[in-house]
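Have a look at the structure below, then the notes.
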Amino acid sequence: MNAPPLEPGLNLDPGLYIVATPIGNLGDISRRAIETLSACALIACEDTRVTGKLLHHLGIKRPMRRYDDHAGDDARERLLGDIAQLPVALVSDAGTPLISDPGYRLVRDARARGLNVVSIPGPSALITALTLAGLPTDRFLFAGFLPSKEKARADTLAGLAAVPATLVFYETGPRLVDALHAVAQALPGREIAVARELTKLHEECRSGTPEALTAHYTAHPPRGEIVLLAGPPPPAAAPEADVVDAALRLALATMSTSQAAASVSRALGLDRKALYARAMELK
């Protein structure tokens with residue numbers, strides 16, 4: 001039996017509406033998100049059972065269609081055909097769509113075809129954890145889920161070790177201790193934070209060394225989805241004075257004083273004006 005045709009949405013232009021949904025506390029959904037879900041002709045979601053519970057809580061009855069990382073090109077083409085004619089919402093099971101999920105392909109194709117794309121912002125475990133952890137937030141790198149295989153996980157962390165930013169990963173309860181072991185090896189000396197049960201009754205954000213956190217979560221196995229954060233690497237130690245002088249003398253052999261100072265500044269990451277003054281002394 002064929003599904004009945006989709007009804008036009010109320011007061012919404014055709015297009016793709018990316019709607020953030022709660023990550024735990026249902027009170028976090030915005031009025032705009034509720035209005036958009038109510039007005040869309042179709043809701044594309046990871047799991048119709050999960051989204052169905054949210055819609056039931058909100059008193060919304062709209063058609064749903066599964067669209068997740070297993071959806072192929074045909075499913076995306078069908079959805080793009082609907083988006084061209086009707087308002088269609090895209091939601092994930094929790095949080096902001098496209099953050100560590102493959103919805104970007106749908107957005108990319110919709111934009112390439114000139115279709116209307118609107119984002120309705122809201123909850124995100126990534127941002128919530130960053131605000132709780134007390135780690136530097138002026139620069140951060142979100143790296144999604146770490147690989148499950150030991151070597152791949154170690155290689156990923158090694159490749160990120162020199163990034164001058166707070167690193168943020170998603171993890172699951174059963175894999176957290178293994179991830180903390182890997183972090184201890186690849187990122188020694190970093191401050192680590194584990195945020196879990198975000199926005200829920202038993203919300204927790206625990207900070208410390210990876211070794212201390214490993215011991216805690218080995219004794220108290222966590223459940224659910226987790227955000228794992230690692231502080232940025234400590235600043236590199238300044239080179240010894242004799243190393244700086246040697247570099248300046250070498251540069252002064254073939255360059256002017258200002259050129260030598262600039263060259264050593266780039267090479268060692270030191271203040272050019274201070275290097276210029278020292279170069280004048282050496283001359």
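All residue names refer to the structure tokens as shown: chains lettered A, B, ... in order, residues numbered from 1 in each chain, ligands numbered from 1 in order.
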DSSP helix (DSSP H, G or I) residues within segment 59-219 of chain A, listed as a PyMOL selection string
chain A and resi 73-83+104-112+125-133+150-160+173-186+210-219
Could you build a table of the residues in segment 118-199 of chain A lying no more than 6 Å from segment 213-231 of chain A, giving for each the nearest pair of atoms and their separation in Å rounded to one decimal place, using only C-alpha atoms, ordered by chain and ascending residue number, as a tab-separated table?
```
residue	atom	partner	partner_atom	distance
A:Leu135	CA	A:Gly231	CA	5.9
A:Thr166	CA	A:Gly231	CA	4.6
A:Leu167	CA	A:Ala230	CA	5.1
A:Val168	CA	A:Leu229	CA	4.6
A:Phe169	CA	A:Leu228	CA	5.1
A:Tyr170	CA	A:Val227	CA	4.7
A:Glu171	CA	A:Ile226	CA	5.0
A:Thr172	CA	A:Glu225	CA	4.6
A:Gly173	CA	A:Arg223	CA	4.5
A:Val177	CA	A:Thr214	CA	5.6
A:Leu180	CA	A:Thr214	CA	6.0
A:Arg190	CA	A:Gly231	CA	5.7
A:Glu191	CA	A:Gly231	CA	5.3
A:Ile192	CA	A:Ala230	CA	4.6
A:Ala193	CA	A:Leu229	CA	5.1
A:Val194	CA	A:Leu228	CA	4.8
A:Ala195	CA	A:Val227	CA	5.1
A:Arg196	CA	A:Ile226	CA	4.8
```
Resulting file, chosen residues, N, CA, C and O atoms, as a compact mmCIF listing (two decimals), in the first residue's frame:
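That gives us result24.txt:
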```txt
# COMPACT_ATOMS: atom_id res chain seq x y z
N LEU A 135 38.29 24.04 30.89
CA LEU A 135 39.48 24.01 30.04
C LEU A 135 39.42 25.19 29.07
O LEU A 135 38.34 25.74 28.83
N THR A 166 42.22 22.86 22.98
CA THR A 166 41.53 21.82 23.74
C THR A 166 40.93 20.82 22.75
O THR A 166 40.30 21.20 21.77
N LEU A 167 41.17 19.54 23.00
CA LEU A 167 40.66 18.48 22.13
C LEU A 167 39.37 17.92 22.72
O LEU A 167 39.29 17.69 23.93
N VAL A 168 38.38 17.70 21.87
CA VAL A 168 37.08 17.22 22.33
C VAL A 168 36.70 15.98 21.52
O VAL A 168 36.75 15.99 20.29
N PHE A 169 36.32 14.93 22.24
CA PHE A 169 35.91 13.68 21.60
C PHE A 169 34.56 13.23 22.18
O PHE A 169 34.24 13.54 23.33
N TYR A 170 33.82 12.49 21.39
CA TYR A 170 32.66 11.77 21.91
C TYR A 170 33.10 10.35 22.22
O TYR A 170 33.93 9.77 21.51
N GLU A 171 32.56 9.78 23.28
CA GLU A 171 32.87 8.41 23.65
C GLU A 171 31.61 7.73 24.19
O GLU A 171 30.60 8.38 24.45
N THR A 172 31.72 6.42 24.38
CA THR A 172 30.65 5.67 25.00
C THR A 172 31.16 5.10 26.32
O THR A 172 32.37 4.94 26.52
N GLY A 173 30.22 4.78 27.21
CA GLY A 173 30.61 4.26 28.51
C GLY A 173 31.53 3.04 28.44
O GLY A 173 32.59 3.03 29.09
N VAL A 177 37.29 3.75 29.46
CA VAL A 177 38.55 3.40 30.14
C VAL A 177 39.65 3.14 29.13
O VAL A 177 40.80 3.60 29.30
N LEU A 180 40.83 6.47 27.88
CA LEU A 180 41.66 7.17 28.87
C LEU A 180 43.06 6.57 28.94
O LEU A 180 44.05 7.31 29.09
N ARG A 190 48.51 16.24 30.38
CA ARG A 190 47.36 17.09 30.07
C ARG A 190 46.30 16.98 31.17
O ARG A 190 46.12 15.93 31.78
N GLU A 191 45.56 18.07 31.35
CA GLU A 191 44.37 18.01 32.19
C GLU A 191 43.24 17.43 31.35
O GLU A 191 43.01 17.86 30.22
N ILE A 192 42.54 16.46 31.92
CA ILE A 192 41.49 15.75 31.20
C ILE A 192 40.16 15.98 31.92
O ILE A 192 40.12 16.13 33.15
N ALA A 193 39.09 16.03 31.17
CA ALA A 193 37.76 16.13 31.76
C ALA A 193 36.84 15.11 31.09
O ALA A 193 36.94 14.86 29.88
N VAL A 194 35.96 14.55 31.89
CA VAL A 194 34.94 13.61 31.40
C VAL A 194 33.58 14.18 31.78
O VAL A 194 33.29 14.39 32.96
N ALA A 195 32.76 14.46 30.78
CA ALA A 195 31.41 15.00 31.01
C ALA A 195 30.39 13.96 30.58
O ALA A 195 30.46 13.44 29.46
N ARG A 196 29.45 13.68 31.45
CA ARG A 196 28.46 12.64 31.15
C ARG A 196 27.10 12.99 31.75
O ARG A 196 27.01 13.86 32.61
```
Could you give me, as a PyMOL selection string, the residues within 12 Å of Thr48 of chain A, counting only C-alpha atoms and dropping anything in the same chain fewer than 6 positions from it?
chain A and resi 42+54-56+62-68+90-93
Nearby residues (only C-alpha atoms) at most 10 Å from Gln85 of chain A, same-chain spacing under 6 positions excluded, as a list of chain:residue names
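The contact residues come out as A:Pro8, A:Asp13, A:Pro14, A:Gly15, A:Ala41, A:Leu115.
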Restricted to C-alpha atoms, what would the selected residues look like written as a CSV table (one decimal), in the first residue's frame?
```csv
chain,number,residue,atom,x,y,z
A,8,PRO,CA,2.2,21.1,2.8
A,13,ASP,CA,8.6,27.8,2.7
A,14,PRO,CA,9.8,24.5,1.1
A,15,GLY,CA,13.3,23.6,2.2
A,41,ALA,CA,5.5,18.3,6.2
A,115,LEU,CA,17.3,24.6,-2.2
```
Applying 8 Å and only C-alpha atoms, which residues near Ala251 of chain A remain after dropping the ones on its own chain fewer than 6 positions away? List them as a PDB file with N, CA and C atoms, in the first residue's frame.
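Printed below is out.pdb as written:
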```pdb
ATOM      1  N   ALA A 260      68.529  39.083  10.381  1.00  0.00           N
ATOM      2  CA  ALA A 260      68.903  37.991  11.283  1.00  0.00           C
ATOM      3  C   ALA A 260      67.883  37.853  12.408  1.00  0.00           C
ATOM      4  N   SER A 263      64.690  36.315  11.034  1.00  0.00           N
ATOM      5  CA  SER A 263      64.868  34.908  10.706  1.00  0.00           C
ATOM      6  C   SER A 263      64.837  34.034  11.951  1.00  0.00           C
ATOM      7  N   VAL A 264      65.574  34.443  12.986  1.00  0.00           N
ATOM      8  CA  VAL A 264      65.617  33.657  14.223  1.00  0.00           C
ATOM      9  C   VAL A 264      64.266  33.720  14.941  1.00  0.00           C
TER      10      VAL A 264
END
```
Selected residue of minimal separation from Val19 of chain A among A:Val50, A:Ile120, A:Ala94, A:Ala112, counting only C-alpha atoms:
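Among the listed residues, A:Ile120 lies closest to Val19 of chain A.
Among the candidates A:Glu281, A:Glu150, A:Glu204, A:Asp271, the residue lying nearest to Ala238 of chain A is A:Asp271 (atoms considered: only C-alpha atoms).
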Give me the residues within 12 Å of Ala247 of chain A as a list of chain:residue names, counting only C-alpha atoms and dropping any in the same chain fewer than 4 places off.
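Here the qualifying residues turn out to be A:Pro239, A:Glu240, A:Ala241, A:Asp242, A:Val243, A:Ala251, A:Leu252, A:Ala253, A:Thr254, A:Met255, A:Ala260, A:Ala261, A:Ala262, A:Ser263, A:Val264, A:Ser265, A:Arg266, A:Ala267, A:Leu268, A:Leu270, A:Leu275, A:Arg278, A:Ala279, A:Leu282.
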